[in-house]
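Written out below as structure tokens is the structure these notes cover.
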Amino acid sequence: MFRVCEQTVSREMGEALVQAQVSVNPFTRAVLERSTCAFSGVLLENVCVARETGLPLCQDTGMVVFFVERGNQLQLDFSLRDVLQRVVENVFASNPFRFSTVTDPLFDRKNPGNNLPAVIHERVVAGTDLSIHFLVKGGGSENLSKLWMMRPGDGEKGLVDAVKQHLAKVGAAGCPPLHVGIGVGGTADEAMEMSKRALLLDPGQRNPDPRYAALEKRLEGEIEQLHLGVQGLGHGPSCLGVHVLQAPTHIATLPVGLSADCFLMRKGNVCFRGQRT
Amino acid sequence: MKGRKVWLEQLGELSSSLQLGELLLLHGRLFLMRDAAHKRLFPGDTKPDVTLDWNGKTIFYAGPAKPLPGWASGSIGPTTSLRMDPFLPALLQAGACATMGKGLRGEQARQACQRWNAVYLVAPSGCAAVLAQRIRKMQVVAFEELGPEAIFQAEVEDFPALVAIDSQGHSLFNGIAAPQCGS
């Protein structure tokens with residue numbers, strides 16, 4: 001069997017989470033450097049100020065969504081869920097972040113003051129490692145999320161039209177240029193989860209199936225044509241990338257899930273190598 | 001940074017001279033509030049627990065992160081204005097002269113700006129560490145128990161904002177069919 005050390009997971013996940021909040025990723029930086037909008041100066045200045053002060057890039061330090069892939073030959077002598085929740089609690093307690101959760105969503109909406117809970121998706125894969133990806137998901141971009149239960153006959157054109165119309169209406173509110181994840185197939189819940197998982201991919205990465213890779217490029221072109229612009233003000237790029245993930249589905253269904261991330265694309269991943277015991 | 005220097009205390013008198021798309025640098029006092037405080041102040045059928053004087057005030061749709069020791073404010077930036085659209089007519093009727101947030105607003109909000117001679121400003125999003133440096137003082141005005149959703153009063157300096165709906169109801173977002181509210 002293989003093991004990983006609880007303290008190592010805790011420490012490295014904590015460091016990665018802080019890093020994602022205060023340090024801009026290279027794709028976003030490149031876009032900021034070459035695009036001009038009324039606020040270009042302050043947007044670039046922000047990258048430096050956040051790094052130097054430890055203040056988060058955005059005041060919405062989000063809900064943290066983890067995607068765990070646990071090797072089937074790995075034996076954990078601790079509760080990974082508890083460790084990840086504690087990582088979030090400790091990082092948010094010891095950094096100038098914002099507590100952005102409410103415990104009861106409908107009635108009380110009381111803020112627990114610890115940014116818990118984090119959302120954790122977990123699956124077992126073949127192997128000996130523990131791989132943990134995460135998204136720092138702000139509310140503004142999360143509100144762009146959408147699920148369509150399309151008719152199988154709607155096909156590619158139906159999907160493209162639905163995505164385009166939806167983002168034309170609400171895209172400007174999600175801090176463009178947007179990173180868009182699309183989940184096609186599965187069940188309703190699976191389509192949404194795939195759309196989130198697609199946001200873990202980086203601009204430039206492509207679906208290995210050439211038909212889906214072409215769909216990604218087509219959607220990028222269509223979203224660019226919406227001219228949302230930086231900050232939704234109509235100038236500069238509208239889309240940082242589109243990633244599509246697909247899965248088998250029922251003969252009667254064509255679920256399509258959409259998730260979007262803001263231009264900061266705050267995320268991270270750490271892979272822990274299992275040690276033989 | 002370029003931009004027309006505007007004192008927030010005079011924004012109400014100036015509003016008809018502000019040009020669509022004009023970049024402003026705000027100085028003076030802003031009032032921060034977002035979803036939860038709006039719901040308490042404008043509950044619809046029932047009487048609100050608290051009433052505040054909104055005459056001539058500029059409301060910033062925002063909830064700050066925690067400050068570093070010695071700083072007036074933590075990272076701060078606009079939230080989606082569209083969600084506050086249902087409350088805008090009541091706020092402008094109560095005397096507020098401007099609102100500031102991010103993103104497009106619905107037709108109802110555009111009409112409210114026109115009717116009450118008010119402007120809607122867009123503040124830059126995703127640059128919250130820089131904006132924290134532009135805040136000199138900050139204090140809670142009401143609903144402290146809401147944490148980052150409390151109503152705050154902030155003294156700002158060189159705070160950047162773009163005129164996105166002018167007092168005649170012209171909008172930078174014309175041509176984009178915004179939903180009535182939500183998002």
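We label chains A, B, ... in the order they appear in the structure tokens, count residues from 1 in each chain, and number ligands from 1 in the order shown.
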
| message | Write out as a ChimeraX atom specification the set of residues from chain B that DSSP, computed on the backbone, places in helix (DSSP H, G or I). | response | /B:8-17,35-41,81-93,107-116,128-133,144-149

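By chain and then residue number, the residues within 8 Å of Lys196 in chain A are A:Gly181, A:Ile182, A:Gly183, A:Leu258, A:Ser259, A:Ala260, counting only C-alpha atoms and disregarding those fewer than 5 positions away in sequence.
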
| Nearest residue to Phe39 in chain A from the set A:Ala188, A:Val242, A:Met149, A:Gly236 (distances using only C-alpha atoms) |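 Nearest candidate to Phe39 in chain A out of A:Ala188, A:Val242, A:Met149, A:Gly236: A:Gly236.
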
| message | Can you work out which residues from chain A touch chain B at a cut-off of 7 Å (counting only C-alpha atoms) and hand them back as a VMD selection string? | response | chain A and resid 39 42 to 43 45 to 46 49 to 50 55 to 59 96 to 98 111 140 143 to 144 169 to 170 172 to 173 175 231 to 232

Given the selection you just returned, output its residues as a file containing C-alpha atoms, formatted as a compact mmCIF listing (two decimals), in the first residue's frame.
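Everything below was put into again.txt:
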```txt
# COMPACT_ATOMS: atom_id res chain seq x y z
CA PHE A 39 -9.09 50.53 -16.12
CA VAL A 42 -5.21 49.89 -12.05
CA LEU A 43 -5.72 46.27 -13.13
CA GLU A 45 -1.07 47.81 -10.61
CA ASN A 46 -3.28 45.41 -8.66
CA VAL A 49 0.06 45.42 -4.91
CA ALA A 50 -1.54 42.03 -4.14
CA LEU A 55 -4.03 41.35 0.01
CA PRO A 56 -6.22 39.19 -2.24
CA LEU A 57 -6.52 40.16 -5.92
CA CYS A 58 -10.31 40.29 -5.54
CA GLN A 59 -12.36 41.00 -2.42
CA PRO A 96 -6.90 39.24 4.92
CA PHE A 97 -9.56 37.37 2.94
CA ARG A 98 -13.35 37.70 3.08
CA ASN A 111 -22.39 34.20 7.89
CA GLY A 140 -20.39 36.80 -9.64
CA ASN A 143 -24.15 33.12 -11.01
CA LEU A 144 -23.56 32.64 -14.76
CA LYS A 169 -27.51 38.28 -21.65
CA VAL A 170 -25.48 37.73 -18.48
CA ALA A 172 -21.01 41.11 -18.80
CA ALA A 173 -21.83 40.58 -15.10
CA CYS A 175 -16.01 39.88 -14.92
CA GLN A 231 -15.01 44.36 -17.30
CA GLY A 232 -18.05 44.02 -19.60
```

| task | Can you work out the spacing between CA of Glu193 in chain A and CA of Arg29 in chain A in Å, to one decimal? | result | 27.4 Å
